[in-house]
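Colleague: Next comes protein.json, JSON, C-alpha atoms:
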```json
[["chain", "number", "residue", "atom", "x", "y", "z"],
["C", 1356, "MET", "CA", -139.91, -89.61, 23.10],
["C", 1357, "ALA", "CA", -139.90, -93.18, 24.41],
["C", 1358, "VAL", "CA", -141.83, -94.56, 27.40],
["C", 1359, "THR", "CA", -140.49, -97.84, 28.74],
["C", 1360, "GLY", "CA", -141.82, -100.48, 31.10],
["C", 1361, "ARG", "CA", -141.53, -104.14, 32.03],
["C", 1362, "ASP", "CA", -145.08, -104.57, 30.75],
["C", 1363, "ALA", "CA", -144.88, -103.85, 27.01],
["C", 1364, "ALA", "CA", -148.65, -103.42, 26.69],
["C", 1365, "ARG", "CA", -148.73, -100.80, 29.43],
["C", 1366, "ALA", "CA", -145.79, -98.97, 27.87],
["C", 1367, "ASP", "CA", -147.65, -98.89, 24.56],
["C", 1368, "GLN", "CA", -150.81, -97.69, 26.28],
["C", 1369, "ALA", "CA", -148.99, -94.89, 28.07],
["C", 1370, "SER", "CA", -147.19, -93.81, 24.90],
["C", 1371, "SER", "CA", -150.43, -93.72, 22.90],
["C", 1372, "ALA", "CA", -151.68, -90.86, 25.08],
["C", 1373, "LEU", "CA", -148.66, -88.70, 24.24],
["C", 1374, "PRO", "CA", -147.79, -87.10, 20.90],
["C", 1375, "ARG", "CA", -144.76, -88.42, 19.00],
["C", 1376, "THR", "CA", -144.10, -91.06, 21.66],
["C", 1377, "ILE", "CA", -143.26, -94.75, 21.36],
["C", 1378, "GLY", "CA", -143.59, -97.53, 23.92],
["C", 1379, "ILE", "CA", -140.70, -99.96, 24.43],
["C", 1380, "HIS", "CA", -140.39, -103.02, 26.63],
["C", 1381, "LEU", "CA", -137.56, -102.58, 29.14],
["C", 1382, "ASP", "CA", -136.75, -104.50, 32.32],
["C", 1383, "VAL", "CA", -134.07, -102.48, 34.09],
["C", 1384, "GLN", "CA", -133.00, -105.54, 36.10],
["C", 1385, "ASP", "CA", -131.96, -107.36, 32.91],
["C", 1386, "GLU", "CA", -128.78, -106.26, 31.11],
["C", 1387, "GLN", "CA", -129.88, -107.73, 27.77],
["C", 1388, "SER", "CA", -133.30, -106.12, 28.02],
["C", 1389, "VAL", "CA", -131.64, -102.76, 28.70],
["C", 1390, "ALA", "CA", -129.27, -103.12, 25.76],
["C", 1391, "THR", "CA", -132.05, -104.16, 23.39],
["C", 1392, "ALA", "CA", -134.40, -101.38, 24.52],
["C", 1393, "ILE", "CA", -131.77, -98.66, 24.17],
["C", 1394, "ASP", "CA", -130.86, -99.94, 20.71],
["C", 1395, "GLN", "CA", -134.52, -99.73, 19.71],
["C", 1396, "ALA", "CA", -135.03, -96.28, 21.20],
["C", 1397, "TRP", "CA", -131.86, -94.90, 19.64],
["C", 1398, "SER", "CA", -132.64, -96.20, 16.17],
["C", 1399, "ARG", "CA", -136.35, -95.35, 16.19],
["C", 1400, "LEU", "CA", -135.87, -91.86, 17.59],
["C", 1401, "GLY", "CA", -132.62, -91.06, 15.81],
["C", 1402, "GLY", "CA", -130.72, -90.70, 19.09],
["C", 1403, "LEU", "CA", -131.42, -89.74, 22.69],
["C", 1404, "ASP", "CA", -130.93, -86.26, 24.11],
["C", 1405, "LEU", "CA", -132.40, -86.84, 27.58],
["C", 1406, "LEU", "CA", -132.53, -89.86, 29.88],
["C", 1407, "VAL", "CA", -134.88, -89.76, 32.87],
["C", 1408, "ASN", "CA", -134.12, -92.62, 35.23],
["C", 1409, "ASN", "CA", -137.39, -93.19, 37.08],
["C", 1410, "ALA", "CA", -137.67, -96.97, 37.48],
["C", 1411, "GLY", "CA", -138.89, -97.90, 40.92],
["C", 1412, "LEU", "CA", -140.24, -100.58, 43.20],
["C", 1413, "GLY", "CA", -141.77, -99.26, 46.40],
["C", 1414, "MET", "CA", -142.13, -100.52, 49.94],
["C", 1415, "ARG", "CA", -145.41, -102.29, 49.12],
["C", 1416, "THR", "CA", -143.40, -105.11, 47.54],
["C", 1417, "VAL", "CA", -142.01, -106.10, 50.96],
["C", 1418, "ASN", "CA", -144.65, -104.65, 53.32],
["C", 1419, "PRO", "CA", -148.07, -103.62, 51.94],
["C", 1420, "ARG", "CA", -148.86, -101.71, 55.17],
["C", 1421, "PHE", "CA", -145.48, -100.00, 55.46],
["C", 1422, "MET", "CA", -146.89, -96.54, 56.24],
["C", 1423, "ILE", "CA", -149.05, -97.62, 59.16],
["C", 1424, "GLU", "CA", -147.28, -100.78, 60.31],
["C", 1425, "PRO", "CA", -143.54, -100.37, 59.60],
["C", 1426, "GLN", "CA", -141.49, -103.54, 59.93],
["C", 1427, "PRO", "CA", -137.85, -103.68, 61.11],
["C", 1428, "PHE", "CA", -135.16, -104.43, 58.57],
["C", 1429, "TRP", "CA", -134.55, -107.94, 59.92],
["C", 1430, "GLN", "CA", -138.05, -108.95, 58.86],
["C", 1431, "VAL", "CA", -137.51, -107.92, 55.23],
["C", 1432, "PRO", "CA", -137.14, -110.98, 52.96],
["C", 1433, "ALA", "CA", -133.81, -111.13, 51.16],
["C", 1434, "ASP", "CA", -135.40, -111.62, 47.73],
["C", 1435, "GLY", "CA", -137.58, -108.55, 48.29],
["C", 1436, "PHE", "CA", -134.54, -106.51, 49.29],
["C", 1437, "ARG", "CA", -132.65, -107.60, 46.18],
["C", 1438, "ALA", "CA", -135.59, -106.84, 43.87],
["C", 1439, "VAL", "CA", -135.87, -103.24, 45.10],
["C", 1440, "ILE", "CA", -132.12, -102.63, 44.96],
["C", 1441, "ASP", "CA", -131.88, -104.24, 41.51],
["C", 1442, "THR", "CA", -134.61, -101.93, 40.19],
["C", 1443, "ASN", "CA", -134.05, -98.65, 42.01],
["C", 1444, "LEU", "CA", -130.25, -98.64, 42.05],
["C", 1445, "THR", "CA", -128.75, -101.22, 39.70],
["C", 1446, "GLY", "CA", -131.41, -100.35, 37.13],
["C", 1447, "TYR", "CA", -130.29, -96.70, 37.07],
["C", 1448, "PHE", "CA", -126.70, -97.85, 36.60],
["C", 1449, "LEU", "CA", -127.47, -100.30, 33.79],
["C", 1450, "VAL", "CA", -129.56, -97.85, 31.77],
["C", 1451, "ALA", "CA", -127.13, -94.94, 32.21],
["C", 1452, "ARG", "CA", -124.19, -97.21, 31.36],
["C", 1453, "GLU", "CA", -125.89, -98.05, 28.08],
["C", 1454, "VAL", "CA", -127.01, -94.52, 27.20],
["C", 1455, "VAL", "CA", -124.18, -92.21, 28.30],
["C", 1456, "PRO", "CA", -121.43, -93.54, 25.99],
["C", 1457, "ARG", "CA", -123.80, -93.04, 23.06],
["C", 1458, "MET", "CA", -124.48, -89.48, 24.21],
["C", 1459, "LEU", "CA", -120.76, -88.77, 24.50],
["C", 1460, "ASN", "CA", -120.14, -90.11, 21.00],
["C", 1461, "ALA", "CA", -123.08, -88.09, 19.64],
["C", 1462, "GLY", "CA", -121.78, -84.85, 21.13],
["C", 1463, "GLY", "CA", -123.87, -84.46, 24.27],
["C", 1464, "GLY", "CA", -126.91, -85.29, 26.32],
["C", 1465, "ARG", "CA", -128.57, -84.95, 29.69],
["C", 1466, "VAL", "CA", -129.35, -87.41, 32.46],
["C", 1467, "VAL", "CA", -131.91, -86.80, 35.20],
["C", 1468, "ASN", "CA", -132.04, -89.31, 38.05],
["C", 1469, "ILE", "CA", -135.21, -89.27, 40.14],
["C", 1470, "SER", "CA", -134.65, -89.45, 43.89],
["C", 1471, "VAL", "CA", -136.49, -88.75, 47.17],
["C", 1472, "ASN", "CA", -136.10, -86.62, 50.28],
["C", 1473, "GLN", "CA", -133.22, -87.58, 52.54],
["C", 1474, "SER", "CA", -135.69, -88.15, 55.38],
["C", 1475, "THR", "CA", -137.26, -90.94, 53.32],
["C", 1476, "MET", "CA", -133.86, -92.56, 52.83],
["C", 1477, "THR", "CA", -133.42, -93.03, 56.58],
["C", 1478, "ARG", "CA", -137.01, -93.38, 57.76],
["C", 1479, "GLN", "CA", -137.96, -96.14, 60.19],
["C", 1480, "GLY", "CA", -139.28, -99.21, 58.41],
["C", 1481, "PHE", "CA", -138.04, -98.10, 54.98],
["C", 1482, "VAL", "CA", -135.65, -100.94, 54.19],
["C", 1483, "PRO", "CA", -135.01, -101.51, 51.31],
["C", 1484, "TYR", "CA", -136.58, -98.49, 49.59],
["C", 1485, "GLY", "CA", -134.66, -95.85, 51.58],
["C", 1486, "PRO", "CA", -131.24, -97.40, 51.02],
["C", 1487, "SER", "CA", -132.01, -97.96, 47.33],
["C", 1488, "ARG", "CA", -132.73, -94.27, 46.81],
["C", 1489, "ALA", "CA", -129.76, -93.20, 48.92],
["C", 1490, "GLY", "CA", -127.63, -95.41, 46.69],
["C", 1491, "SER", "CA", -129.07, -93.95, 43.51],
["C", 1492, "GLU", "CA", -128.32, -90.45, 44.78],
["C", 1493, "ALA", "CA", -124.71, -91.40, 45.55],
["C", 1494, "LEU", "CA", -124.52, -92.98, 42.10],
["C", 1495, "SER", "CA", -125.74, -89.72, 40.57],
["C", 1496, "ARG", "CA", -123.02, -87.74, 42.33],
["C", 1497, "VAL", "CA", -120.33, -90.13, 41.11],
["C", 1498, "MET", "CA", -121.77, -90.04, 37.59],
["C", 1499, "ALA", "CA", -121.65, -86.24, 37.70],
["C", 1500, "ALA", "CA", -118.03, -86.31, 38.88],
["C", 1501, "ASP", "CA", -117.05, -88.79, 36.16],
["C", 1502, "LEU", "CA", -118.76, -86.64, 33.51],
["C", 1503, "GLY", "CA", -117.40, -83.32, 34.71],
["C", 1504, "GLY", "CA", -116.04, -81.30, 31.80],
["C", 1505, "THR", "CA", -117.83, -83.42, 29.19],
["C", 1506, "SER", "CA", -120.84, -82.71, 27.01],
["C", 1507, "VAL", "CA", -123.17, -84.86, 29.17],
["C", 1508, "THR", "CA", -124.76, -83.47, 32.32],
["C", 1509, "VAL", "CA", -126.29, -85.30, 35.29],
["C", 1510, "ASN", "CA", -128.78, -83.85, 37.76],
["C", 1511, "ILE", "CA", -131.03, -85.17, 40.55],
["C", 1512, "LEU", "CA", -134.73, -84.39, 40.77],
["C", 1513, "MET", "CA", -137.21, -85.31, 43.50],
["C", 1514, "PRO", "CA", -140.87, -84.44, 44.12],
["C", 1515, "GLY", "CA", -140.43, -82.95, 47.59],
["C", 1516, "GLY", "CA", -142.72, -85.25, 49.56],
["C", 1517, "ALA", "CA", -145.02, -88.26, 49.37],
["C", 1518, "THR", "CA", -146.48, -88.38, 45.87],
["C", 1519, "GLU", "CA", -149.69, -89.82, 44.41],
["C", 1520, "THR", "CA", -148.05, -92.59, 42.38],
["C", 1521, "GLY", "CA", -150.10, -95.64, 43.30],
["C", 1522, "MET", "CA", -147.48, -96.87, 45.75],
["C", 1523, "LEU", "CA", -149.69, -95.71, 48.64],
["C", 1524, "PRO", "CA", -153.20, -97.23, 48.57],
["C", 1525, "PRO", "CA", -155.82, -95.03, 50.31],
["C", 1526, "ASP", "CA", -156.48, -97.60, 53.05],
["C", 1527, "HIS", "CA", -152.77, -97.85, 53.88],
["C", 1528, "ARG", "CA", -152.12, -94.15, 54.47],
["C", 1529, "PRO", "CA", -151.79, -92.39, 57.83],
["C", 1530, "GLU", "CA", -154.75, -90.16, 58.55],
["C", 1531, "GLY", "CA", -154.26, -86.63, 57.23],
["C", 1532, "LEU", "CA", -151.41, -87.49, 54.86],
["C", 1533, "ARG", "CA", -151.43, -85.09, 51.90],
["C", 1534, "LEU", "CA", -149.92, -86.35, 48.66],
["C", 1535, "ILE", "CA", -148.25, -84.30, 45.95],
["C", 1536, "ASN", "CA", -149.63, -84.41, 42.42],
["C", 1537, "PRO", "CA", -146.95, -86.10, 40.27],
["C", 1538, "ALA", "CA", -147.50, -83.40, 37.62],
["C", 1539, "VAL", "CA", -145.20, -81.24, 39.76],
["C", 1540, "MET", "CA", -142.31, -83.09, 38.12],
["C", 1541, "GLY", "CA", -143.23, -81.79, 34.66],
["C", 1542, "PRO", "CA", -141.89, -78.20, 34.70],
["C", 1543, "PRO", "CA", -138.40, -79.05, 36.02],
["C", 1544, "ILE", "CA", -138.05, -81.95, 33.57],
["C", 1545, "VAL", "CA", -139.03, -79.71, 30.67],
["C", 1546, "TRP", "CA", -136.63, -77.03, 31.87],
["C", 1547, "LEU", "CA", -133.75, -79.51, 32.29],
["C", 1548, "ALA", "CA", -134.32, -80.59, 28.69],
["C", 1549, "SER", "CA", -134.35, -77.02, 27.39],
["C", 1550, "PRO", "CA", -131.56, -74.73, 26.13],
["C", 1551, "ALA", "CA", -131.93, -72.74, 29.36],
["C", 1552, "ALA", "CA", -130.41, -75.66, 31.28],
["C", 1553, "GLN", "CA", -127.30, -75.85, 29.10],
["C", 1554, "GLY", "CA", -124.37, -76.61, 31.40],
["C", 1555, "VAL", "CA", -126.51, -77.20, 34.51],
["C", 1556, "HIS", "CA", -124.72, -80.10, 36.17],
["C", 1557, "ASP", "CA", -124.65, -81.95, 39.50],
["C", 1558, "GLU", "CA", -127.65, -80.10, 40.91],
["C", 1559, "ARG", "CA", -130.20, -81.51, 43.38],
["C", 1560, "ILE", "CA", -133.59, -80.05, 42.50],
["C", 1561, "VAL", "CA", -136.80, -80.34, 44.55],
["C", 1562, "ALA", "CA", -139.83, -80.09, 42.27],
["C", 1563, "THR", "CA", -142.09, -78.39, 44.83],
["C", 1564, "GLU", "CA", -139.41, -75.71, 45.24],
["C", 1565, "PHE", "CA", -138.44, -75.48, 41.58],
["C", 1566, "GLU", "CA", -139.79, -72.00, 40.84],
["C", 1567, "SER", "CA", -138.06, -70.54, 43.89],
["C", 1568, "TRP", "CA", -134.82, -72.40, 43.10],
["C", 1569, "LEU", "CA", -134.90, -71.14, 39.53],
["C", 1570, "ALA", "CA", -135.63, -67.56, 40.57],
["C", 1571, "HIS", "CA", -132.69, -67.50, 42.96],
["C", 1572, "ARG", "CA", -130.13, -69.01, 40.58],
["C", 1573, "PRO", "CA", -127.31, -66.58, 39.80],
["C", 1574, "ALA", "CA", -127.58, -65.09, 36.31],
["C", 1575, "GLY", "CA", -125.63, -67.15, 33.82],
["C", 1576, "ALA", "CA", -125.09, -70.03, 36.27],
["C", 1577, "GLY", "CA", -124.36, -73.31, 34.52]]
```
Could you quickly redo this structure as structure tokens?
Modeller:
Amino acid sequence: MAVTGRDAARADQASSALPRTIGIHLDVQDEQSVATAIDQAWSRLGGLDLLVNNAGLGMRTVNPRFMIEPQPFWQVPADGFRAVIDTNLTGYFLVAREVVPRMLNAGGGRVVNISVNQSTMTRQGFVPYGPSRAGSEALSRVMAADLGGTSVTVNILMPGGATETGMLPPDHRPEGLRLINPAVMGPPIVWLASPAAQGVHDERIVATEFESWLAHRPAGAG
């Protein structure tokens, strides 16, 4: 497994806590960085079976107090808007564009794009984060359509609510806000990487509802 990040030292640190994992420097905003990182991951791991697109800049980059003092879109600086879009949307595109052809040539693979609730996409004061995630979800649907009938699958996964990721400092949260433990993402990711998910394609999975979703899937559904 490979863990990537714009900060190479942090990627190495994160990977050191996981068995059989390597850390690789990767800036999803930079085409050359993406190409170099995927080359490294592919050669060091002997290929890639699963891509999880999870790069993200949050609202704090344009408004540190976005949860308690939302600002209208016309107050968002253009460079801040571009940085979030370039990471959360263009970054997904650049990495998938580099990985998917390799998967097709290798005989198959799986892509999981991390998204958010639709209410977050259209929430007051959530420019540019909301539009960036709405765009990445639309991108996922187009990717799934383009890959229909191939050996590579694409699915969308989201936590199901505000998550304890560090994007929401304690002093910037509305009173009473309950955050989801990010570990909730683990079981669906593991399942999507497993033989049980063979042929599962173009699904939108909510992690907090995963067990129920899985239990109600028709037998043999792909």
Colleague: As an NGL selection string, please: the residues near Leu1534 (chain C) (cut-off 8 Å, only C-alpha atoms, same-chain neighbours under 4 positions excluded).
Modeller: :C and (1516-1519)
Colleague: Quick one: residues within 8 Å of Thr1442 (chain C), all atoms listed in the file, excluding same-chain residues fewer than 6 positions away - as a ChimeraX atom specification?
Modeller: /C:1383-1384,1410-1412
Colleague: May I ask for the distance between CA of Asn1408 (chain C) and CA of Asn1468 (chain C), given in Å to one decimal place?
Modeller: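 We find that CA of Asn1408 (chain C) and CA of Asn1468 (chain C) lie 4.8 Å from each other.
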Colleague: At what distance in Å, to one decimal, does CA of Ala1562 (chain C) lie from CA of Pro1514 (chain C)?
Modeller: 4.8 Å
Colleague: Please return, as a list in words, all polymer residues that have at least one atom within 10 Å of the point (-130.2, -78.1, 28.1); use only C-alpha atoms and the file's own coordinate frame.
Modeller: Asp1404, Leu1405, Gly1463, Gly1464, Arg1465, Val1507, Thr1508, Val1545, Trp1546, Leu1547, Ala1548, Ser1549, Pro1550, Ala1551, Ala1552, Gln1553, Gly1554, Val1555, His1556 and Gly1577 of chain C
Colleague: If I only have part of region 1485-1511 of chain C, can you fill in N, CA and C atoms and write it as a PDB file, in the coordinates of the input?
Modeller:
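Produced file part_38.pdb, reproduced below:
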```pdb
ATOM      1  N   GLY C1485    -135.529 -96.969  51.196  1.00  0.00           N
ATOM      2  CA  GLY C1485    -134.660 -95.850  51.580  1.00  0.00           C
ATOM      3  C   GLY C1485    -133.232 -96.049  51.133  1.00  0.00           C
ATOM      4  N   PRO C1486    -132.613 -97.179  51.477  1.00  0.00           N
ATOM      5  CA  PRO C1486    -131.240 -97.400  51.020  1.00  0.00           C
ATOM      6  C   PRO C1486    -131.098 -97.421  49.501  1.00  0.00           C
ATOM      7  N   SER C1487    -132.109 -97.924  48.791  1.00  0.00           N
ATOM      8  CA  SER C1487    -132.010 -97.960  47.330  1.00  0.00           C
ATOM      9  C   SER C1487    -131.945 -96.557  46.754  1.00  0.00           C
ATOM     10  N   ARG C1488    -132.741 -95.639  47.303  1.00  0.00           N
ATOM     11  CA  ARG C1488    -132.730 -94.270  46.810  1.00  0.00           C
ATOM     12  C   ARG C1488    -131.497 -93.504  47.282  1.00  0.00           C
ATOM     13  N   ALA C1489    -131.015 -93.812  48.480  1.00  0.00           N
ATOM     14  CA  ALA C1489    -129.760 -93.200  48.920  1.00  0.00           C
ATOM     15  C   ALA C1489    -128.625 -93.634  47.991  1.00  0.00           C
ATOM     16  N   GLY C1490    -128.645 -94.912  47.609  1.00  0.00           N
ATOM     17  CA  GLY C1490    -127.630 -95.410  46.690  1.00  0.00           C
ATOM     18  C   GLY C1490    -127.712 -94.758  45.326  1.00  0.00           C
ATOM     19  N   SER C1491    -128.931 -94.565  44.831  1.00  0.00           N
ATOM     20  CA  SER C1491    -129.070 -93.950  43.510  1.00  0.00           C
ATOM     21  C   SER C1491    -128.629 -92.488  43.532  1.00  0.00           C
ATOM     22  N   GLU C1492    -128.791 -91.839  44.683  1.00  0.00           N
ATOM     23  CA  GLU C1492    -128.320 -90.450  44.780  1.00  0.00           C
ATOM     24  C   GLU C1492    -126.795 -90.408  44.809  1.00  0.00           C
ATOM     25  N   ALA C1493    -126.178 -91.331  45.544  1.00  0.00           N
ATOM     26  CA  ALA C1493    -124.710 -91.400  45.550  1.00  0.00           C
ATOM     27  C   ALA C1493    -124.200 -91.734  44.150  1.00  0.00           C
ATOM     28  N   LEU C1494    -124.891 -92.637  43.471  1.00  0.00           N
ATOM     29  CA  LEU C1494    -124.520 -92.980  42.100  1.00  0.00           C
ATOM     30  C   LEU C1494    -124.574 -91.748  41.209  1.00  0.00           C
ATOM     31  N   SER C1495    -125.602 -90.934  41.379  1.00  0.00           N
ATOM     32  CA  SER C1495    -125.740 -89.720  40.570  1.00  0.00           C
ATOM     33  C   SER C1495    -124.571 -88.776  40.789  1.00  0.00           C
ATOM     34  N   ARG C1496    -124.147 -88.644  42.038  1.00  0.00           N
ATOM     35  CA  ARG C1496    -123.020 -87.740  42.330  1.00  0.00           C
ATOM     36  C   ARG C1496    -121.732 -88.254  41.693  1.00  0.00           C
ATOM     37  N   VAL C1497    -121.528 -89.569  41.735  1.00  0.00           N
ATOM     38  CA  VAL C1497    -120.330 -90.130  41.110  1.00  0.00           C
ATOM     39  C   VAL C1497    -120.403 -89.985  39.593  1.00  0.00           C
ATOM     40  N   MET C1498    -121.588 -90.230  39.023  1.00  0.00           N
ATOM     41  CA  MET C1498    -121.770 -90.040  37.590  1.00  0.00           C
ATOM     42  C   MET C1498    -121.428 -88.602  37.201  1.00  0.00           C
ATOM     43  N   ALA C1499    -121.923 -87.653  37.990  1.00  0.00           N
ATOM     44  CA  ALA C1499    -121.650 -86.240  37.700  1.00  0.00           C
ATOM     45  C   ALA C1499    -120.156 -85.942  37.767  1.00  0.00           C
ATOM     46  N   ALA C1500    -119.469 -86.525  38.758  1.00  0.00           N
ATOM     47  CA  ALA C1500    -118.030 -86.310  38.880  1.00  0.00           C
ATOM     48  C   ALA C1500    -117.297 -86.918  37.680  1.00  0.00           C
ATOM     49  N   ASP C1501    -117.685 -88.125  37.291  1.00  0.00           N
ATOM     50  CA  ASP C1501    -117.050 -88.790  36.160  1.00  0.00           C
ATOM     51  C   ASP C1501    -117.276 -88.032  34.852  1.00  0.00           C
ATOM     52  N   LEU C1502    -118.417 -87.340  34.747  1.00  0.00           N
ATOM     53  CA  LEU C1502    -118.760 -86.640  33.510  1.00  0.00           C
ATOM     54  C   LEU C1502    -118.420 -85.157  33.549  1.00  0.00           C
ATOM     55  N   GLY C1503    -117.796 -84.715  34.617  1.00  0.00           N
ATOM     56  CA  GLY C1503    -117.400 -83.320  34.710  1.00  0.00           C
ATOM     57  C   GLY C1503    -116.516 -82.913  33.534  1.00  0.00           C
ATOM     58  N   GLY C1504    -116.827 -81.783  32.914  1.00  0.00           N
ATOM     59  CA  GLY C1504    -116.040 -81.300  31.800  1.00  0.00           C
ATOM     60  C   GLY C1504    -116.378 -81.941  30.461  1.00  0.00           C
ATOM     61  N   THR C1505    -117.402 -82.803  30.446  1.00  0.00           N
ATOM     62  CA  THR C1505    -117.830 -83.420  29.190  1.00  0.00           C
ATOM     63  C   THR C1505    -119.099 -82.739  28.687  1.00  0.00           C
ATOM     64  N   SER C1506    -119.635 -83.269  27.612  1.00  0.00           N
ATOM     65  CA  SER C1506    -120.840 -82.710  27.010  1.00  0.00           C
ATOM     66  C   SER C1506    -122.122 -83.331  27.563  1.00  0.00           C
ATOM     67  N   VAL C1507    -122.001 -84.205  28.562  1.00  0.00           N
ATOM     68  CA  VAL C1507    -123.170 -84.860  29.170  1.00  0.00           C
ATOM     69  C   VAL C1507    -123.315 -84.388  30.604  1.00  0.00           C
ATOM     70  N   THR C1508    -124.495 -83.940  30.966  1.00  0.00           N
ATOM     71  CA  THR C1508    -124.760 -83.470  32.320  1.00  0.00           C
ATOM     72  C   THR C1508    -125.625 -84.463  33.081  1.00  0.00           C
ATOM     73  N   VAL C1509    -125.503 -84.439  34.404  1.00  0.00           N
ATOM     74  CA  VAL C1509    -126.290 -85.300  35.290  1.00  0.00           C
ATOM     75  C   VAL C1509    -126.854 -84.449  36.416  1.00  0.00           C
ATOM     76  N   ASN C1510    -128.152 -84.563  36.654  1.00  0.00           N
ATOM     77  CA  ASN C1510    -128.780 -83.850  37.760  1.00  0.00           C
ATOM     78  C   ASN C1510    -129.767 -84.767  38.473  1.00  0.00           C
ATOM     79  N   ILE C1511    -130.097 -84.405  39.713  1.00  0.00           N
ATOM     80  CA  ILE C1511    -131.030 -85.170  40.550  1.00  0.00           C
ATOM     81  C   ILE C1511    -132.306 -84.360  40.701  1.00  0.00           C
TER      82      ILE C1511
END
```
